[in-house]
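Q: Submitted below is the structure of interest, expressed as structure tokens.
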Amino acid sequence: MLTEELVVEEAIVTGKTVELRDVSSLPAKPTSLHFTDFSLKHIPKNGPFSLKTNGYSHVFHTNVPRPPEDMQLKILKHKLEELRIDTKTCMPGQYNHLMCPKCEGGDTAKRSLSLFITQDGGAALWTCFRAKCGWQGSTKAFAGTSSSCGTLKQASKVKKIRQITEADLQLEPLCDKLLGYFAERMISKETLQRNCVMQKCTFDDQIVIAFTYRRHGQLVSCKYREIKKKFWQEADTEKIFYGLDDIEGEADIIIVEGEMDKLAMEEAGFRNCVSVPDGAPATVSSKELPPEEKDTKYQYLWNCKEYLDKASRIILATDGDLPGQALAEELARRLGKERCWRVTWPMRNKSDRFKDANEVLIYLGADGLKEVIENAELYPIRGLFKFRDYFDEIDAYYHRRLGYEFGVSTGWSDLNELYNVVPGELTIITGVPNSGKSEWIDALMCNLNQIAGWKFVLCSMENSVRDHARKLLEKYIKKPFFDARYGEFVKRMSVADLEKGKRWLADNFCLIRCEDDALPHVDWVLDLAKSAVLRHGVRGLVIDPYNELDHQRSPNQTETEYVSQILTKIKRFAQHHGCHVWFVAHPRQLHNWIGGPPNLYDISGSAHFINKCDNGIVIHRNRNPNAGPIDRVQVCVRKVRNKVAGTVGDAFLMYDRTTGEFTGVDKSSTNVPEHPHESIRKK
Ligand SMILES: Nc1ncnc2c1ncn2[C@@H]1O[C@H](COP(=O)(O)OP(=O)(O)OP(=O)(O)O)[C@@H](O)[C@H]1O
């Protein structure tokens with residue numbers, strides 16, 4: 001049940017009393033309420049009107065005089081007609097729902113104007129309960145008119161709590177027909193009697209259910225319900241939970257969303273249950289919790305604070321729909337999630353769940369409802385989990401259903417033991433300038449594309465687009481882009497090769513380029529990479545290199561703190577999107593360098609590069625012909641966090657300057673499937 005419906009109805013009642021204070025000749029208290037659209041599914045069409053009272057109601061009827069339309073009333077009505085208030089069907093001594101001449105009920109054309117005419121026909125007052133309109137005013141047959149357009153809030157600001165009794169409200173025991181109505185909903189007479197559920201006869205002989213709200217047995221408020229599920233609450237009464245006395249001193253309590261659900265819980269053996277009085281909000285508020293005195297929507301909760309404070313376990317059994325979930329969240333925010341539990345309503349059929357406690361009682365019986373409560377689970381607290389929450393994922397990991405549990409092979413069998421590419425991890429690549437870092441990453445991407453069909457997004461700031469395209473195409477086509485010295489007389493790729501290669505580039509790579517002179521900020525890069533993941537399904541991001549990013553940082557932040565922060569952002573991106581990130585970072589200037597591979601701790605900026613990455617790799621190549629072949633590349637795997645995917649160690653690859661390809665030192669150890677062009681080249 002949404003709160004809105006109730007609030008509007010209640011506001012009408014509240015508004016009446018506020019208005020009455022303004023006009024001295026009006027009665028101090030409304031005598032009855034009038035709602036016209038009664039209907040009841042299982043009762044004949046004229047059923048509600050033929051519902052008979054149980055004999056107590058005649059007192060009430062004789063107390064309601066039906067005044068004649070005398071002169072005074074005629075003048076009053078004339079005045080109202082001049083204000084375009086249609087009084088044709090209006091009766092003195094009651095509240096009339098009319099079309100507001102000011103706003104005409106807004107988009108929904110709701111009859112939002114509540115008009116009250118005194119029983120003697122001498123005065124009238126009105127309020128439009130559309131918040132956007134709020135037109136209100138009063139007039140007397142023999143005096144002036146005053147009206148104003150204010151907001152509903154202004155109209156109902158002043159609120160005085162009334163003391164009420166059953167006699168004041170003219171409540172009566174439930175008649176047989178209403179007992180039958182409850183019986184259909186599996187609510188017994190005993191439960192109804194214990195909860196003092198009563199009925200009331202409205203001025204026009206309609207019987208409505210009266211849920212009595214009590215504290216220490218004393219009547220505090222009363223909520224009326226037409227069979228058709230229209231609710232309204234006694235004006236100017238304190239808002240409290242329904243069934244409050246039942247949770248006094250209880251360590252375990254249940255909160256439900258409606259009085260019927262509270263009664264249903266009792267049928268399942270749970271008396272320690274209360275219902276909220278106002279139904280559920282449409283959504284969870286995005287605002288901070290207001291202070292208690294300003295938390296108007298949940299005032300009932302604060303009014304019953306001492307009852308709730310003692311509870312160590314609060315089961316939120318609100319409706320399963322979105323408003324019900326929003327209500328559970330709003331209650332949990334206020335009650336403290338750590339002591340809250342929530343229920344999951346059982347499946348009604350293959351696709352839908354039962355909505356609430358009463359529905360479960362009707363269809364699954366008391367035992368079914370009991371089971372739901374006994375299976376309540378801890379209310380989730382954002383960020384706090386149990387391994388149980390991940391059992392599905394752990395099972396899928398064990399049975400290797402996730403894909404790439406051991407990572408994707410790099411395509412070089414010499415590296416299989418050391419480094420495999422796991423989705424969602426971060427690899428830091430370093431090496432002295434010109435060591436071949438970028439070339440190796442390009443070759444790795446070509447392999448991953450061929451082996452696993454991965455696509456990539458490239459933020460390579462040091463490469464022009466055409467140079468980068470050339471390097472990738474040479475590796476893919478396995479021929480030099482140009483007839484040039486580096487091609488060593490191998491014939492350049494044909495135009496047909498180029499066209500094929502261009503299609504491959506277009507299908508498998510996205511580029512992040514900062515078109516102006518500014519350096520890209522890591523947030524900007526990650527935002528675009530996220531789009532590439534969502535739009536193009538990329539599985540890998542290359543940021544090459546770190547020092548070409550925008551590194552403006554706040555004056556009170558050290559470079560170490562800054563590096564830590566951006567690595568955290570990159571890792572979050574990687575994990576969240578299951579995207580592997582290769583991040584190239586240069587070593588600081590090495591004094592007395594004697595030609596060996598640098599250390600990961602030599603990376604300029606911060607030790608966080610090695611601390612925070614999942615994998616750390618140094619690419620190194622031999623430049624001394626006396627020390628070995630100069631095209632031999634050393635891939636130094638210096639850190640592997642995930643032992644399933646590899647371990648620390650070195651592997652050697654041979655670099656082919658003609659095509660930029662890397663192969664195992666023993667060529668047969670390269671395990672990338674052969675590309676169609678390979679056979680052409682071999683010829
Ligand atoms: N093993 C190798 N043998 C010979 N030349 C190589 C080797 N590896 C890379 N090169 C060449 O070195 C040059 C630089 O390669 P690359 O851009 O990959 O290096 P880098 O480590 O990324 O450099 P930087 O740190 O300056 O960005 C390229 O011309 C490439 O062809």
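In the structure tokens, chains take letters A, B, ... by order of appearance, with residues numbered from 1 within each chain and ligands from 1 in the order shown.
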For ligand 1, collect every residue having any atom at a distance of at most 8 Å from a ligand atom (counting only C-alpha atoms and all ligand atoms); output as a PyMOL selection string.

A: chain A and resi 430-441+462+544-545+586+619-623+630-633+654-657+660

Q: Which residue out of A:Glu548, A:Cys459, A:Cys90, A:Ile314 has the minimum interatomic distance to Arg513 (chain A) when only C-alpha atoms are used?

A: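 Among the listed residues, the smallest separation from Arg513 (chain A) belongs to A:Cys459.
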
Q: Enter the distance from CA of Asn615 (chain A) to CA of Ala452 (chain A), in Å, rounded to one decimal.

A: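 These atoms are spaced 20.0 Å apart.
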
Q: Could you pull out the strand (DSSP E or B) residues of region 174-325 of chain A from DSSP and send them as a PyMOL selection string?

A: chain A and resi 198-201+207-215+218-225+231-233+242+252-256+273-275+280+313-317

Q: Give me, as a Markdown table, each residue of region 437-479 of chain A that comes within 9 Å of region 489-503 of chain A, together with its shortest interatomic pair and the distance in Å at one decimal, counting only C-alpha atoms, with rows ordered by chain and rising residue number.

A:
```
| residue | atom | partner | partner_atom | distance |
| --- | --- | --- | --- | --- |
| A:Ala469 | CA | A:Lys502 | CA | 8.4 |
| A:Leu472 | CA | A:Gly501 | CA | 8.8 |
| A:Leu473 | CA | A:Gly501 | CA | 5.9 |
| A:Glu474 | CA | A:Met493 | CA | 8.1 |
| A:Tyr476 | CA | A:Gly501 | CA | 7.1 |
| A:Ile477 | CA | A:Asp497 | CA | 6.8 |
| A:Lys478 | CA | A:Met493 | CA | 8.3 |
| A:Lys479 | CA | A:Met493 | CA | 5.5 |
```

Q: Looking only at alpha helix (DSSP H) from DSSP on the backbone, list the matching residues of region 368-433 of chain A as a PDB file with C-alpha atoms, in the first residue's frame.

A:
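Full text of selection_17.pdb as output:
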```pdb
ATOM      1  CA  GLY A 368       3.414 -21.379   5.411  1.00  0.00           C
ATOM      2  CA  LEU A 369       3.524 -17.928   6.976  1.00  0.00           C
ATOM      3  CA  LYS A 370       5.343 -19.246  10.023  1.00  0.00           C
ATOM      4  CA  GLU A 371       8.001 -20.741   7.787  1.00  0.00           C
ATOM      5  CA  VAL A 372       8.545 -17.418   6.044  1.00  0.00           C
ATOM      6  CA  ILE A 373       9.205 -15.684   9.365  1.00  0.00           C
ATOM      7  CA  GLU A 374      11.428 -18.483  10.619  1.00  0.00           C
ATOM      8  CA  PHE A 391      28.601 -19.349  -2.680  1.00  0.00           C
ATOM      9  CA  ASP A 392      27.196 -19.290  -6.221  1.00  0.00           C
ATOM     10  CA  GLU A 393      30.261 -17.469  -7.450  1.00  0.00           C
ATOM     11  CA  ILE A 394      32.606 -19.759  -5.502  1.00  0.00           C
ATOM     12  CA  ASP A 395      30.901 -22.821  -6.984  1.00  0.00           C
ATOM     13  CA  ALA A 396      31.209 -21.395 -10.472  1.00  0.00           C
ATOM     14  CA  TYR A 397      34.903 -20.702  -9.790  1.00  0.00           C
ATOM     15  CA  TYR A 398      35.492 -24.251  -8.510  1.00  0.00           C
TER      16      TYR A 398
END
```

Q: Go through A:Lys475, A:Arg162, A:Lys639, A:Arg485 and flag the residue nearest Leu219 (chain A), using only C-alpha atoms for the distances.

A: A:Arg162

Q: Hey, could you make a per-residue contact list for region 502-571 of chain A against region 595-613 of chain A with 10 Å as the cut-off, showing the nearest pair of atoms and its distance in Å to one decimal, counting only C-alpha atoms, sorted by chain and number, as JSON lines?

A:
```
{"residue": "A:Tyr546", "atom": "CA", "partner": "A:Ser604", "partner_atom": "CA", "distance": 9.7}
{"residue": "A:Asn547", "atom": "CA", "partner": "A:Ser604", "partner_atom": "CA", "distance": 9.1}
{"residue": "A:Thr558", "atom": "CA", "partner": "A:Gly605", "partner_atom": "CA", "distance": 9.7}
{"residue": "A:Glu559", "atom": "CA", "partner": "A:Gly605", "partner_atom": "CA", "distance": 6.2}
{"residue": "A:Thr560", "atom": "CA", "partner": "A:Ser606", "partner_atom": "CA", "distance": 5.0}
{"residue": "A:Glu561", "atom": "CA", "partner": "A:Ser606", "partner_atom": "CA", "distance": 8.5}
{"residue": "A:Tyr562", "atom": "CA", "partner": "A:Ser606", "partner_atom": "CA", "distance": 9.0}
{"residue": "A:Val563", "atom": "CA", "partner": "A:Ser606", "partner_atom": "CA", "distance": 6.6}
{"residue": "A:Ser564", "atom": "CA", "partner": "A:His608", "partner_atom": "CA", "distance": 5.8}
{"residue": "A:Gln565", "atom": "CA", "partner": "A:His608", "partner_atom": "CA", "distance": 9.5}
{"residue": "A:Leu567", "atom": "CA", "partner": "A:Lys612", "partner_atom": "CA", "distance": 6.9}
{"residue": "A:Thr568", "atom": "CA", "partner": "A:Lys612", "partner_atom": "CA", "distance": 7.7}
{"residue": "A:Ile570", "atom": "CA", "partner": "A:Cys613", "partner_atom": "CA", "distance": 9.8}
{"residue": "A:Lys571", "atom": "CA", "partner": "A:Cys613", "partner_atom": "CA", "distance": 8.1}
```

Q: Which residues come within 12 Å of region 283-292 of chain A, counting only C-alpha atoms, excluding same-chain residues fewer than 6 positions away, as a short mmCIF file (atom, residue, chain, number, x, y, z; two decimals) with C-alpha atoms, in the first residue's frame?

A:
```cif
data_model
loop_
_atom_site.label_atom_id
_atom_site.label_comp_id
_atom_site.auth_asym_id
_atom_site.auth_seq_id
_atom_site.Cartn_x
_atom_site.Cartn_y
_atom_site.Cartn_z
CA LEU A 2 1.43 3.36 -0.98
CA THR A 3 1.44 6.13 1.58
CA GLU A 4 0.16 8.70 -0.86
CA TYR A 298 8.10 8.37 10.30
CA GLN A 299 6.87 10.19 13.39
CA TYR A 300 5.06 7.02 14.48
CA LEU A 301 8.40 5.34 14.84
CA TRP A 302 9.79 8.02 17.14
CA ASN A 303 6.52 8.09 19.10
CA LYS A 305 10.80 4.61 20.38
CA ASP A 321 6.81 -4.78 -4.07
CA LEU A 322 9.11 -1.81 -4.58
CA PRO A 323 7.35 0.51 -2.10
CA GLY A 324 7.43 -2.33 0.46
CA GLN A 325 11.16 -2.70 -0.03
CA ALA A 326 11.58 1.06 0.22
CA LEU A 327 9.67 1.01 3.51
CA ALA A 328 11.92 -1.78 4.84
CA GLU A 329 14.97 0.27 3.92
CA GLU A 330 13.60 3.44 5.53
CA LEU A 331 12.73 1.53 8.72
CA ALA A 332 16.10 -0.23 8.78
CA ARG A 333 17.92 3.09 8.35
CA ARG A 334 16.19 4.38 11.45
CA LEU A 335 16.17 1.24 13.57
#
```

Q: Skip Tyr404 (chain A) itself and residues of its chain fewer than 4 positions away, then list as a PyMOL selection string all residues within 8 Å of it, counting only C-alpha atoms.

A: chain A and resi 400+408+422-423

Q: Quick one: pull the distance between CA of Gln634 (chain A) and CA of Trp504 (chain A), Å, one decimal.

A: 29.0 Å

Q: Identify, on the basis of only C-alpha atoms, every residue whose closest approach to Ala143 (chain A) does not exceed 10 Å; exclude the query and any residue fewer than 5 positions from it along the same chain; express the result as a list in words.

A: Leu76, Gly122 and Ala123 of chain A

Q: Mind writing the picked residues with C-alpha atoms as a short mmCIF file (atom, residue, chain, number, x, y, z; two decimals), in the first residue's frame?

A:
```cif
data_model
loop_
_atom_site.label_atom_id
_atom_site.label_comp_id
_atom_site.auth_asym_id
_atom_site.auth_seq_id
_atom_site.Cartn_x
_atom_site.Cartn_y
_atom_site.Cartn_z
CA LEU A 76 -24.61 30.47 1.02
CA GLY A 122 -24.87 29.43 7.60
CA ALA A 123 -21.20 28.95 6.75
#
```

Q: Extract, using only C-alpha atoms, all DNA, RNA and protein residues at most 7 Å from Glu234 (chain A), discarding same-chain residues fewer than 5 positions from it, and format them as a list of chain:residue names.

A: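 In the requested form, the answer reads A:Ser221, A:Cys222, A:Lys223.
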
Q: Which polymer residues have any atom within 10 Å of an atom of Met71 (chain A), counting only C-alpha atoms, with same-chain residues fewer than 6 positions away left out, as a PDB file with C-alpha atoms, in the first residue's frame?

A:
```pdb
ATOM      1  CA  LYS A  77     -24.867  28.181  -1.974  1.00  0.00           C
ATOM      2  CA  GLY A 121     -26.346  26.198   6.294  1.00  0.00           C
ATOM      3  CA  GLY A 122     -24.869  29.428   7.600  1.00  0.00           C
ATOM      4  CA  ALA A 141     -24.293  33.361   4.281  1.00  0.00           C
TER       5      ALA A 141
END
```

Q: What separation in Å, quoted to one decimal, exists between CA of Arg382 (chain A) and CA of Gly578 (chain A)?

A: 21.2 Å

Q: Rank nothing, just name the residue among A:Gln206, A:Ala651, A:Gln119, A:Leu549 nearest to Pro92 (chain A), using only C-alpha atoms.

A: A:Gln119

Q: Tell me which of A:Thr118, A:Ser460, A:Asn556, A:Thr663 sits closest to Leu444 (chain A), counting only C-alpha atoms.

A: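 The closest residue to Leu444 (chain A) is A:Thr663.
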